[in-house]
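Engineer: Please see the structure below; I have some questions.
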4 protein chains.
Amino acid sequence: MTPLFSSTGTKSHISVDRFNAILKETTPLAAYLGIRAERIEVGEAWSRITFSEAALRAGGTFSGPALMALIDVCMYAAVLGASGDDPRALTSNVAITFLRRAPARDLIARCRLLNCDSDFVVGSIIVYPEGDEADVVCTSTCTYALPPRSSEDLRA
Amino acid sequence: MTPLFSSTGTKSHISVDRFNAILKETTPLAAYLGIRAERIEVGEAWSRITFSEAALRAGGTFSGPALMALIDVCMYAAVLGASGDDPRALTSNVAITFLRRAPARDLIARCRLLNCDSDFVVGSIIVYPEGDEADVVCTSTCTYALPPRSSEDLRA
Amino acid sequence: MTPLFSSTGTKSHISVDRFNAILKETTPLAAYLGIRAERIEVGEAWSRITFSEAALRAGGTFSGPALMALIDVCMYAAVLGASGDDPRALTSNVAITFLRRAPARDLIARCRLLNCDSDFVVGSIIVYPEGDEADVVCTSTCTYALPPRSSEDLRA
Amino acid sequence: MTPLFSSTGTKSHISVDRFNAILKETTPLAAYLGIRAERIEVGEAWSRITFSEAALRAGGTFSGPALMALIDVCMYAAVLGASGDDPRALTSNVAITFLRRAPARDLIARCRLLNCDSDFVVGSIIVYPEGDEADVVCTSTCTYALPPRSSEDLRA
């Protein structure tokens, strides 16, 4: 996939530290699972999940929901990187295909935004073991809705 | 959706208590989020998520990953209800569409299996506030693969 | 799935004949494949695909794209049934899970809308052989975006 | 997305001409819509849809089902390119997200396979106007099941 946003020399609308602070404050689940953003560029973001008991399921592999949380945080980081700290962003659609069991080490999610218009944002995310981007564990497409500013109060 | 399995007078392959014991033992995330199965029949299952801080995100609503975990547990309960305690079951595909913000109370997920052949199981899941099944918060279709028994050792 | 719209005594915003006339005029593919709406209520619609050579693939079964077209027409009929003849409606997301080979006869798609707010509409669709609703061939969730009226000209 | 199959110097299991001959013979819908494979490598494939009346919908833009058919043919070409002319391949899951209206010219689909084990194949597909790969019209993830050879007769 070709990212639609050139990242060279373009500053993200949110820093990794600021994003992780928001995440820590608002989403205790991320801390519980050991998930944080690693890098945020305009149109692209990376997040990490630590290999730890909390994120596993039967058989000692990452659970489906832990991978879904990793994907959701990565998409959210990319959305805030493109649009700034906009509390209106709402997940509207998530599709995940699991390809293989994750190995017993940290995983990285990489999100590339495919568009970013005023109504919604679509991102393509892959999850892979740290250091091995070709060994894709799962792939996902997420859509975030950005409600019109006028309807913000109705939703929030 | 018409469930494919008549539940009247047919005993599920796993009891709710047995399922919740397995869940507690193997998936700490479910306990952290306050998720448990409520009822398991052949071809159908219900799970619940407690309204609690751990499951929320910014704005005090259920987070996307918490809803995804609720859906995954419900599907897993339905799969084990139909096939028995089969450790080979693996999530292969999840698609979730979010319709509206969840209200500030417990949510119920209801899964109906649409098929159950030897290779894979497809379930249709809706999530709604307790007591109000028509007010769907999100809808999902999940596919679990049931690998051939001969390849079990390769995967486990 | 519980439909969110009571259909008893509520008149659809578009008649089946009017819908099929629009379809014939604007979408030659539907006529080629033998697809038409059968019934439209508020929040619910049914469409049919005729078993014919044009819709088949290798092995003499319905092709994936023919089933996708059937689903799309059914969703479109339900959307126009709920909102009237609104040319702004645009497909934004389609997810289809195929459960089994379709038998060699006409198929019916049934769409139930799960919500219908001002921004987007979500429908749940099943496809089954005529006369056998429990023998689901494929299941789908579709989202149609309804762009704000003010941006209509930009899109059309 | 990084393709998992190096294409340099590796011969596809099927030629473009052979694939298009099979397509023509078995799937009349593809010819009707002006869809054909353009290039097939191991783990990757490209298909094209001609801008023509048959593929359009209201407003003179490509219809959803025409884009779905383009995606399905592209995935099928990639699957046969990786596995050879295997009639067992069956679509099991398709998810498509539409990003923007397609312009009034030919479109190209590009599929990259993300895995190819003995049970199923997952592909990631983008559709874009010819000559402008960054202007993604829609993105899709498809899963094809490859049933075990022993169950072939039951399905065919």
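Chain lettering (A, B, ...) mirrors the order of the structure tokens, residue numbering begins at 1 for each chain separately, and ligand numbering begins at 1 in order of display.
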Would you tabulate, counting only C-alpha atoms, all residues of chain A that have an atom at most 7 Å from an atom of chain B, showing the closest pair of atoms and their distance in Å to one decimal, sorted by chain then ascending number, as CSV?
Structural biologist:
```
residue,atom,partner,partner_atom,distance
A:Thr26,CA,B:Ala58,CA,4.8
A:Thr27,CA,B:Arg57,CA,4.8
A:Pro28,CA,B:Ala54,CA,5.8
A:Leu29,CA,B:Ala54,CA,6.1
A:Ala54,CA,B:Pro28,CA,5.8
A:Ala55,CA,B:Leu29,CA,6.8
A:Leu56,CA,B:Thr27,CA,6.5
A:Arg57,CA,B:Thr27,CA,4.8
A:Ala58,CA,B:Thr26,CA,4.8
A:Gly59,CA,B:Ala156,CA,6.8
A:Pro65,CA,B:Ala69,CA,4.9
A:Met68,CA,B:Pro65,CA,6.1
A:Ala69,CA,B:Pro65,CA,4.9
A:Thr91,CA,B:Phe98,CA,6.9
A:Ser92,CA,B:Phe98,CA,4.9
A:Asn93,CA,B:Thr97,CA,4.6
A:Val94,CA,B:Ile96,CA,5.2
A:Ala95,CA,B:Ala95,CA,4.1
A:Ile96,CA,B:Val94,CA,5.2
A:Thr97,CA,B:Asn93,CA,4.6
A:Phe98,CA,B:Ser92,CA,4.9
A:Ala156,CA,B:Gly59,CA,6.9
```
Engineer: If we count only C-alpha atoms, what is near region 102-114 of chain C at a cut-off of 7 Å, once residues fewer than 2 positions away on the same chain are taken out, given as a PyMOL selection string?
Structural biologist: (chain B and resi 136) or (chain C and resi 3-4+43-51+61-62+70-71+74-75+78+100+122-130+137)
Engineer: Enter the distance from CA of Gly81 (chain C) to CA of Gly34 (chain C), in Å, rounded to one decimal.
Structural biologist: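 Those two atoms sit 20.8 Å apart.
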Engineer: Give me, as an NGL selection string, the residues of chain A that a backbone DSSP run labels strand (DSSP E or B).
Structural biologist: :A and (35-41 or 44-49 or 56-57 or 61-62 or 90-98 or 107-116 or 120-129 or 138-145)
Engineer: To one decimal in Å, tell me the separation between CA of Ala31 (chain B) and CA of Asp17 (chain B).
Structural biologist: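 Separating CA of Ala31 (chain B) from CA of Asp17 (chain B) is a distance of 14.2 Å.
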Engineer: So what do you get for CA of Lys11 (chain C) versus CA of Ile40 (chain C), distance-wise?
Structural biologist: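 For CA of Lys11 (chain C) relative to CA of Ile40 (chain C), the distance reads 9.2 Å.
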Engineer: Name the residues of region 73-131 of chain A that come out as alpha helix (DSSP H) in a backbone DSSP run; write them as a PyMOL selection string.
Structural biologist: chain A and resi 73-83
